[in-house]
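J.: You'll find query.cif just under this line, and it carries mmCIF, C-alpha atoms and all ligand atoms.
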data_structure
#
loop_
_atom_site.group_PDB
_atom_site.id
_atom_site.type_symbol
_atom_site.label_atom_id
_atom_site.label_comp_id
_atom_site.auth_asym_id
_atom_site.auth_seq_id
_atom_site.Cartn_x
_atom_site.Cartn_y
_atom_site.Cartn_z
ATOM 1 C CA MET A 1369 15.997 -1.493 4.558
ATOM 2 C CA LYS A 1370 16.591 1.487 6.810
ATOM 3 C CA ASP A 1371 16.023 5.024 5.573
ATOM 4 C CA PRO A 1372 18.450 7.238 7.547
ATOM 5 C CA ASP A 1373 16.006 10.163 7.496
ATOM 6 C CA CYS A 1374 12.942 8.147 8.536
ATOM 7 C CA VAL A 1375 11.692 8.639 12.087
ATOM 8 C CA PHE A 1376 10.025 5.198 12.237
ATOM 9 C CA CYS A 1377 13.179 3.466 10.936
ATOM 10 C CA LYS A 1378 14.973 5.212 13.807
ATOM 11 C CA ILE A 1379 12.376 3.864 16.248
ATOM 12 C CA VAL A 1380 12.860 0.346 14.806
ATOM 13 C CA ALA A 1381 16.638 0.733 15.221
ATOM 14 C CA GLY A 1382 16.188 1.935 18.822
ATOM 15 C CA GLU A 1383 17.738 5.328 18.013
ATOM 16 C CA ILE A 1384 14.535 7.082 19.130
ATOM 17 C CA PRO A 1385 12.661 5.771 22.187
ATOM 18 C CA SER A 1386 9.075 4.525 21.862
ATOM 19 C CA ALA A 1387 6.393 3.101 24.158
ATOM 20 C CA LYS A 1388 6.430 -0.420 22.671
ATOM 21 C CA LEU A 1389 3.443 -2.730 22.844
ATOM 22 C CA TYR A 1390 4.538 -5.534 20.536
ATOM 23 C CA GLU A 1391 7.604 -6.574 18.596
ATOM 24 C CA ASP A 1392 8.665 -9.518 16.445
ATOM 25 C CA GLU A 1393 11.155 -9.862 13.584
ATOM 26 C CA ASP A 1394 8.843 -8.120 11.089
ATOM 27 C CA VAL A 1395 6.399 -5.918 12.995
ATOM 28 C CA LEU A 1396 6.514 -3.267 15.716
ATOM 29 C CA ALA A 1397 3.618 -1.631 17.591
ATOM 30 C CA PHE A 1398 3.972 1.415 19.815
ATOM 31 C CA LEU A 1399 1.948 4.326 21.153
ATOM 32 C CA ASP A 1400 1.492 7.365 18.930
ATOM 33 C CA ILE A 1401 3.312 10.289 20.549
ATOM 34 C CA ASN A 1402 0.389 12.675 19.821
ATOM 35 C CA PRO A 1403 -2.671 10.489 20.403
ATOM 36 C CA VAL A 1404 -6.115 11.268 19.062
ATOM 37 C CA ASN A 1405 -7.237 9.533 22.283
ATOM 38 C CA LYS A 1406 -5.001 7.915 24.926
ATOM 39 C CA GLY A 1407 -3.932 4.442 23.786
ATOM 40 C CA HIS A 1408 -3.741 5.432 20.070
ATOM 41 C CA THR A 1409 -1.341 2.850 18.652
ATOM 42 C CA LEU A 1410 0.749 2.577 15.500
ATOM 43 C CA ILE A 1411 1.563 -0.770 13.888
ATOM 44 C CA ILE A 1412 4.440 -0.721 11.415
ATOM 45 C CA PRO A 1413 6.444 -3.130 9.279
ATOM 46 C CA LYS A 1414 10.070 -3.007 10.423
ATOM 47 C CA VAL A 1415 11.445 -2.884 6.896
ATOM 48 C CA HIS A 1416 10.967 0.552 5.350
ATOM 49 C CA SER A 1417 8.247 0.922 2.738
ATOM 50 C CA GLU A 1418 6.388 4.124 2.026
ATOM 51 C CA ASN A 1419 2.809 2.923 1.957
ATOM 52 C CA TYR A 1420 0.370 0.019 1.802
ATOM 53 C CA LEU A 1421 0.979 -0.685 -1.887
ATOM 54 C CA GLU A 1422 4.705 -1.103 -1.259
ATOM 55 C CA MET A 1423 4.328 -3.396 1.732
ATOM 56 C CA ASP A 1424 5.381 -7.038 1.563
ATOM 57 C CA GLU A 1425 2.181 -9.153 1.375
ATOM 58 C CA LYS A 1426 3.217 -11.632 4.072
ATOM 59 C CA VAL A 1427 4.117 -8.810 6.447
ATOM 60 C CA THR A 1428 0.788 -7.118 5.651
ATOM 61 C CA GLU A 1429 -1.009 -10.289 6.771
ATOM 62 C CA LYS A 1430 1.091 -10.367 9.900
ATOM 63 C CA CYS A 1431 0.241 -6.719 10.620
ATOM 64 C CA SER A 1432 -3.437 -7.564 10.236
ATOM 65 C CA LYS A 1433 -3.194 -10.190 13.008
ATOM 66 C CA ILE A 1434 -1.375 -7.773 15.306
ATOM 67 C CA ILE A 1435 -3.887 -4.999 14.582
ATOM 68 C CA ARG A 1436 -6.644 -7.352 15.717
ATOM 69 C CA LYS A 1437 -4.782 -8.239 18.900
ATOM 70 C CA ILE A 1438 -4.027 -4.585 19.653
ATOM 71 C CA ALA A 1439 -7.634 -3.546 18.976
ATOM 72 C CA LYS A 1440 -8.981 -6.175 21.399
ATOM 73 C CA SER A 1441 -6.437 -5.137 24.035
ATOM 74 C CA ILE A 1442 -7.284 -1.455 23.545
ATOM 75 C CA MET A 1443 -11.010 -2.150 23.983
ATOM 76 C CA ASP A 1444 -10.314 -3.967 27.280
ATOM 77 C CA GLY A 1445 -7.301 -2.009 28.518
ATOM 78 C CA ILE A 1446 -8.424 1.527 27.679
ATOM 79 C CA ARG A 1447 -12.116 0.700 28.262
ATOM 80 C CA CYS A 1448 -13.158 2.546 25.137
ATOM 81 C CA ASP A 1449 -16.487 2.175 23.349
ATOM 82 C CA GLY A 1450 -15.061 1.554 19.893
ATOM 83 C CA PHE A 1451 -12.004 2.023 17.721
ATOM 84 C CA ASN A 1452 -10.934 3.128 14.251
ATOM 85 C CA ILE A 1453 -8.383 1.245 12.170
ATOM 86 C CA THR A 1454 -6.950 3.662 9.631
ATOM 87 C CA MET A 1455 -4.004 4.064 7.324
ATOM 88 C CA ASN A 1456 -3.130 7.263 5.516
ATOM 89 C CA ASN A 1457 -1.504 6.603 2.161
ATOM 90 C CA TYR A 1458 0.266 9.437 0.325
ATOM 91 C CA PRO A 1459 0.234 13.082 1.488
ATOM 92 C CA ALA A 1460 -3.087 13.688 -0.291
ATOM 93 C CA ALA A 1461 -4.645 11.264 2.213
ATOM 94 C CA GLY A 1462 -2.965 12.891 5.203
ATOM 95 C CA GLN A 1463 0.196 10.758 5.413
ATOM 96 C CA VAL A 1464 2.915 12.709 7.199
ATOM 97 C CA VAL A 1465 5.411 9.995 8.146
ATOM 98 C CA MET A 1466 6.419 8.263 4.929
ATOM 99 C CA HIS A 1467 6.971 4.841 6.518
ATOM 100 C CA SER A 1468 3.897 2.570 6.218
ATOM 101 C CA HIS A 1469 1.844 2.483 9.410
ATOM 102 C CA PHE A 1470 -1.609 1.530 10.599
ATOM 103 C CA HIS A 1471 -3.404 3.510 13.300
ATOM 104 C CA VAL A 1472 -5.638 1.888 15.912
ATOM 105 C CA ILE A 1473 -7.514 4.732 17.586
ATOM 106 C CA PRO A 1474 -9.621 4.208 20.711
ATOM 107 C CA ARG A 1475 -13.010 5.932 20.506
ATOM 108 C CA PHE A 1476 -15.466 7.009 23.153
ATOM 109 C CA GLU A 1477 -19.158 7.824 22.890
ATOM 110 C CA GLY A 1478 -19.358 11.591 22.458
ATOM 111 C CA ASP A 1479 -15.605 12.113 22.059
ATOM 112 C CA GLY A 1480 -16.489 14.782 19.519
ATOM 113 C CA LEU A 1481 -14.424 13.448 16.618
ATOM 114 C CA LYS A 1482 -16.162 13.938 13.315
ATOM 115 C CA HIS A 1483 -16.068 11.563 10.391
ATOM 116 C CA TRP A 1484 -15.137 12.899 6.992
ATOM 117 C CA PRO A 1485 -18.002 14.447 5.042
ATOM 118 C CA GLN A 1486 -19.895 12.247 2.590
ATOM 119 C CA GLY A 1487 -20.509 13.240 -1.020
ATOM 120 C CA LYS A 1488 -22.901 12.153 -3.747
ATOM 121 C CA TYR A 1489 -22.718 10.790 -7.301
ATOM 122 C CA SER A 1490 -24.540 13.067 -9.715
ATOM 123 C CA ASP A 1491 -26.443 10.096 -11.201
ATOM 124 C CA ASP A 1492 -26.228 6.325 -11.835
ATOM 125 C CA GLU A 1493 -23.958 6.874 -14.853
ATOM 126 C CA ASP A 1494 -21.516 8.859 -12.753
ATOM 127 C CA MET A 1495 -21.398 6.012 -10.227
ATOM 128 C CA GLU A 1496 -21.023 3.422 -13.003
ATOM 129 C CA ASP A 1497 -18.051 5.385 -14.434
ATOM 130 C CA SER A 1498 -16.238 5.077 -11.117
ATOM 131 C CA ARG A 1499 -17.147 1.400 -10.719
ATOM 132 C CA LYS A 1500 -15.920 0.581 -14.247
ATOM 133 C CA SER A 1501 -12.607 2.445 -13.965
ATOM 134 C CA ILE A 1502 -11.767 0.438 -10.842
ATOM 135 C CA GLU A 1503 -13.075 -2.880 -12.156
ATOM 136 C CA GLU A 1504 -10.996 -2.628 -15.345
ATOM 137 C CA ARG A 1505 -7.802 -2.316 -13.299
ATOM 138 C CA MET A 1506 -8.833 -5.251 -11.128
ATOM 139 C CA ASP A 1507 -9.093 -7.445 -14.225
ATOM 140 C CA LEU A 1508 -5.534 -6.440 -15.161
ATOM 141 C CA LEU A 1509 -4.297 -7.520 -11.710
ATOM 142 C CA LYS A 1510 -5.788 -11.043 -11.892
HETATM 143 P P1 LIG B 1 0.284 9.929 9.506
HETATM 144 O O1 LIG B 1 -0.425 11.240 9.403
HETATM 145 O O2 LIG B 1 1.564 9.882 8.717
HETATM 146 O O3 LIG B 1 -0.641 8.776 9.200
HETATM 147 O O4 LIG B 1 0.609 9.773 11.046
HETATM 148 C C1 LIG B 1 1.887 9.830 11.607
HETATM 149 C C2 LIG B 1 1.723 9.639 13.097
HETATM 150 O O5 LIG B 1 2.990 9.414 13.649
HETATM 151 C C3 LIG B 1 1.129 10.861 13.807
HETATM 152 O O6 LIG B 1 -0.087 10.477 14.446
HETATM 153 C C4 LIG B 1 2.217 11.266 14.794
HETATM 154 O O7 LIG B 1 1.706 11.694 16.028
HETATM 155 C C5 LIG B 1 3.057 10.006 14.922
HETATM 156 N N1 LIG B 1 4.478 10.269 15.198
HETATM 157 C C6 LIG B 1 5.291 11.110 14.516
HETATM 158 N N2 LIG B 1 6.535 11.093 15.032
HETATM 159 C C7 LIG B 1 6.499 10.195 16.062
HETATM 160 C C8 LIG B 1 7.496 9.734 16.976
HETATM 161 O O8 LIG B 1 8.671 10.142 16.958
HETATM 162 N N3 LIG B 1 7.102 8.809 17.882
HETATM 163 C C9 LIG B 1 5.825 8.329 17.932
HETATM 164 N N4 LIG B 1 5.549 7.424 18.863
HETATM 165 N N5 LIG B 1 4.873 8.748 17.074
HETATM 166 C C10 LIG B 1 5.201 9.672 16.162
HETATM 167 ZN ZN ZN B 2 11.290 4.035 7.595
#
Could you express the structure from this file as structure tokens?

T.:
Amino acid sequence: MKDPDCVFCKIVAGEIPSAKLYEDEDVLAFLDINPVNKGHTLIIPKVHSENYLEMDEKVTEKCSKIIRKIAKSIMDGIRCDGFNITMNNYPAAGQVVMHSHFHVIPRFEGDGLKHWPQGKYSDDEDMEDSRKSIEERMDLLK
């Protein structure tokens, strides 16, 4: 349940204040304290899990509905031109707070944020190698 060292568990428990936007028995949404743009919102499962793969499936579905609601409200309320829905999983992907969370980030035309750089496969075989290694695992998960 609660990880005593986890900052988001402390927010769920009310031990650290947060600017709450939504709360039910499973999910909490609040403003990110250091927003990429104003209105940047975090959506988290209340029960501690470290990342997407550890999240309860039902709660993941619930989060998805709330993300949609938050994104619509951000578009109208912040009057932005677009938004990013992101989730950093594991430190290698930029995760800093090790309690699962989705970001909804308001975006504005010309806000200067760059997308990550895009790479290339060396050839069709290289691409097929990647496709196959993923597909094989998917078969195991059926
Ligand atoms: P990550 O890089 O782990 O995906 O993002 C963690 C996010 O949590 C960061 O954007 C950071 O600003 C936010 N954050 C960290 N500590 C707090 C806090 O105490 N309160 C709030 N509201 N956001 C926090
Ligand atoms: Zn936690």

J.: List all protein, DNA and RNA residues that have any atom at most 7 Å from ligand ZN 2 (chain B), counting all atoms listed in the file, and write the list as a PyMOL selection string.

T.: chain A and resi 1370-1371+1374-1377+1415-1417+1466-1467

J.: Work out how far CA of Leu1508 in chain A is from CA of Asp1492 in chain A, in Å to one decimal.

T.: 24.5 Å

J.: List, as a PyMOL selection string, every residue that the PyMOL selection byres (((not hetatm)) within 9 of (chain B and resi 1)) selects in the file provided.

T.: chain A and resi 1375-1376+1378-1379+1384-1388+1398-1404+1408-1410+1454-1459+1461-1471

J.: Measuring between all atoms listed in the file, which one of A:Gly1407, A:Gly1487, A:Pro1413, A:Pro1372 shows the shortest distance to Asn1452 in chain A?

T.: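 Checking each candidate against Asn1452 in chain A, we get A:Gly1407 as the closest.
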
J.: Pull out every residue that the PyMOL selection byres (((chain A and resi 1451) around 6) and not hetatm) matches in the shown coordinates and put them as number ranges by chain.

T.: A: 1450, 1452, 1473-1475

J.: I'd like to know which of A:Val1427, A:Met1443, A:Gly1382, A:Arg1505 is closest to Val1395 in chain A, using all atoms listed in the file.

T.: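 With all atoms listed in the file as the atom set, the closest residue is A:Val1427.
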
J.: Enclose the full set of atoms of range 1402-1410 of chain A listed in the file within a box whose edges lie along x, y and z, apply 6 Å of padding to each of the six sides, and report centre and edge lengths in Å to one decimal as AutoDock Vina command-line options.

T.:
--center_x -3.2 --center_y 7.6 --center_z 20.2 --size_x 20.0 --size_y 22.1 --size_z 21.4

J.: Check which residues satisfy the PyMOL selection byres (((chain A and resi 1393) around 12) and not hetatm) in the file shown, then give them as a list in words.

T.: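 This file, filtered by the PyMOL selection byres (((chain A and resi 1393) around 12) and not hetatm), leaves Val1380, Tyr1390, Glu1391, Asp1392, Asp1394, Val1395, Leu1396, Ala1397, Ile1412, Pro1413, Lys1414, Val1415, Val1427, Lys1430 and Cys1431 of chain A.
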
J.: CA of Ile1442 in chain A and CA of Val1472 in chain A, how far apart in Å?

T.: 8.5 Å

J.: Calculated over only C-alpha atoms, which of the candidates A:Arg1436, A:Lys1482, A:Arg1447, A:Lys1426 has the smallest distance to Lys1406 in chain A?

T.: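 With only C-alpha atoms as the atom set, the closest residue is A:Arg1447.
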
J.: As an exercise, work out the distance from CA of Ile1434 in chain A to CA of Leu1509 in chain A in Å and give it to one decimal place.

T.: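 Distance reported for this atom pair: 27.2 Å.
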
J.: Write out all heavy atoms for range 1379-1390 of chain A, as a CSV table (one decimal), keeping the file's coordinate frame.

T.:
chain,number,residue,atom,x,y,z
A,1379,ILE,N,13.0,4.5,15.1
A,1379,ILE,CA,12.4,3.9,16.2
A,1379,ILE,C,12.7,2.4,16.2
A,1379,ILE,O,13.0,1.7,17.2
A,1379,ILE,CB,10.9,4.2,16.2
A,1379,ILE,CG1,10.6,5.6,16.7
A,1379,ILE,CG2,10.1,3.2,17.1
A,1379,ILE,CD1,9.2,6.1,16.7
A,1380,VAL,N,12.6,1.8,15.0
A,1380,VAL,CA,12.9,0.3,14.8
A,1380,VAL,C,14.3,0.1,15.3
A,1380,VAL,O,14.6,-0.9,16.0
A,1380,VAL,CB,12.7,-0.1,13.3
A,1380,VAL,CG1,13.2,-1.5,13.1
A,1380,VAL,CG2,11.2,0.0,12.9
A,1381,ALA,N,15.2,0.9,14.9
A,1381,ALA,CA,16.6,0.7,15.2
A,1381,ALA,C,17.0,1.1,16.7
A,1381,ALA,O,18.1,0.9,17.1
A,1381,ALA,CB,17.5,1.6,14.3
A,1382,GLY,N,16.0,1.6,17.4
A,1382,GLY,CA,16.2,1.9,18.8
A,1382,GLY,C,16.9,3.3,19.0
A,1382,GLY,O,17.4,3.6,20.1
A,1383,GLU,N,17.0,4.0,17.9
A,1383,GLU,CA,17.7,5.3,18.0
A,1383,GLU,C,16.8,6.4,18.6
A,1383,GLU,O,17.3,7.4,19.1
A,1383,GLU,CB,18.2,5.7,16.6
A,1383,GLU,CG,19.3,4.8,16.1
A,1383,GLU,CD,19.5,5.0,14.6
A,1383,GLU,OE1,19.1,6.0,14.0
A,1383,GLU,OE2,20.1,4.0,14.0
A,1384,ILE,N,15.5,6.2,18.5
A,1384,ILE,CA,14.5,7.1,19.1
A,1384,ILE,C,13.7,6.2,20.0
A,1384,ILE,O,13.3,5.1,19.6
A,1384,ILE,CB,13.6,7.7,18.1
A,1384,ILE,CG1,14.4,8.7,17.2
A,1384,ILE,CG2,12.5,8.5,18.7
A,1384,ILE,CD1,13.6,9.3,16.1
A,1385,PRO,N,13.5,6.6,21.3
A,1385,PRO,CA,12.7,5.8,22.2
A,1385,PRO,C,11.2,5.7,21.8
A,1385,PRO,O,10.7,6.6,21.1
A,1385,PRO,CB,12.8,6.5,23.6
A,1385,PRO,CG,13.2,7.8,23.3
A,1385,PRO,CD,13.9,7.9,21.9
A,1386,SER,N,10.5,4.6,22.1
A,1386,SER,CA,9.1,4.5,21.9
A,1386,SER,C,8.4,3.7,23.0
A,1386,SER,O,9.1,2.9,23.6
A,1386,SER,CB,8.8,3.9,20.5
A,1386,SER,OG,9.2,2.5,20.5
A,1387,ALA,N,7.1,3.9,23.2
A,1387,ALA,CA,6.4,3.1,24.2
A,1387,ALA,C,5.9,1.9,23.4
A,1387,ALA,O,4.8,1.8,22.9
A,1387,ALA,CB,5.2,3.9,24.7
A,1388,LYS,N,6.7,0.8,23.5
A,1388,LYS,CA,6.4,-0.4,22.7
A,1388,LYS,C,5.3,-1.3,23.3
A,1388,LYS,O,5.3,-1.5,24.5
A,1388,LYS,CB,7.7,-1.3,22.6
A,1388,LYS,CG,8.7,-0.8,21.5
A,1388,LYS,CD,9.8,-1.8,21.4
A,1388,LYS,CE,11.0,-1.0,20.8
A,1388,LYS,NZ,12.3,-1.8,20.9
A,1389,LEU,N,4.5,-1.8,22.4
A,1389,LEU,CA,3.4,-2.7,22.8
A,1389,LEU,C,3.7,-4.1,22.3
A,1389,LEU,O,3.2,-5.1,22.9
A,1389,LEU,CB,2.1,-2.2,22.3
A,1389,LEU,CG,1.5,-1.1,23.1
A,1389,LEU,CD1,0.4,-0.4,22.3
A,1389,LEU,CD2,0.9,-1.6,24.4
A,1390,TYR,N,4.3,-4.2,21.2
A,1390,TYR,CA,4.5,-5.5,20.5
A,1390,TYR,C,5.7,-5.4,19.6
A,1390,TYR,O,5.9,-4.4,18.9
A,1390,TYR,CB,3.3,-5.9,19.7
A,1390,TYR,CG,3.5,-7.2,19.0
A,1390,TYR,CD1,3.3,-8.5,19.6
A,1390,TYR,CD2,4.0,-7.2,17.7
A,1390,TYR,CE1,3.5,-9.6,18.9
A,1390,TYR,CE2,4.2,-8.4,17.0
A,1390,TYR,CZ,4.0,-9.6,17.6
A,1390,TYR,OH,4.2,-10.8,16.9
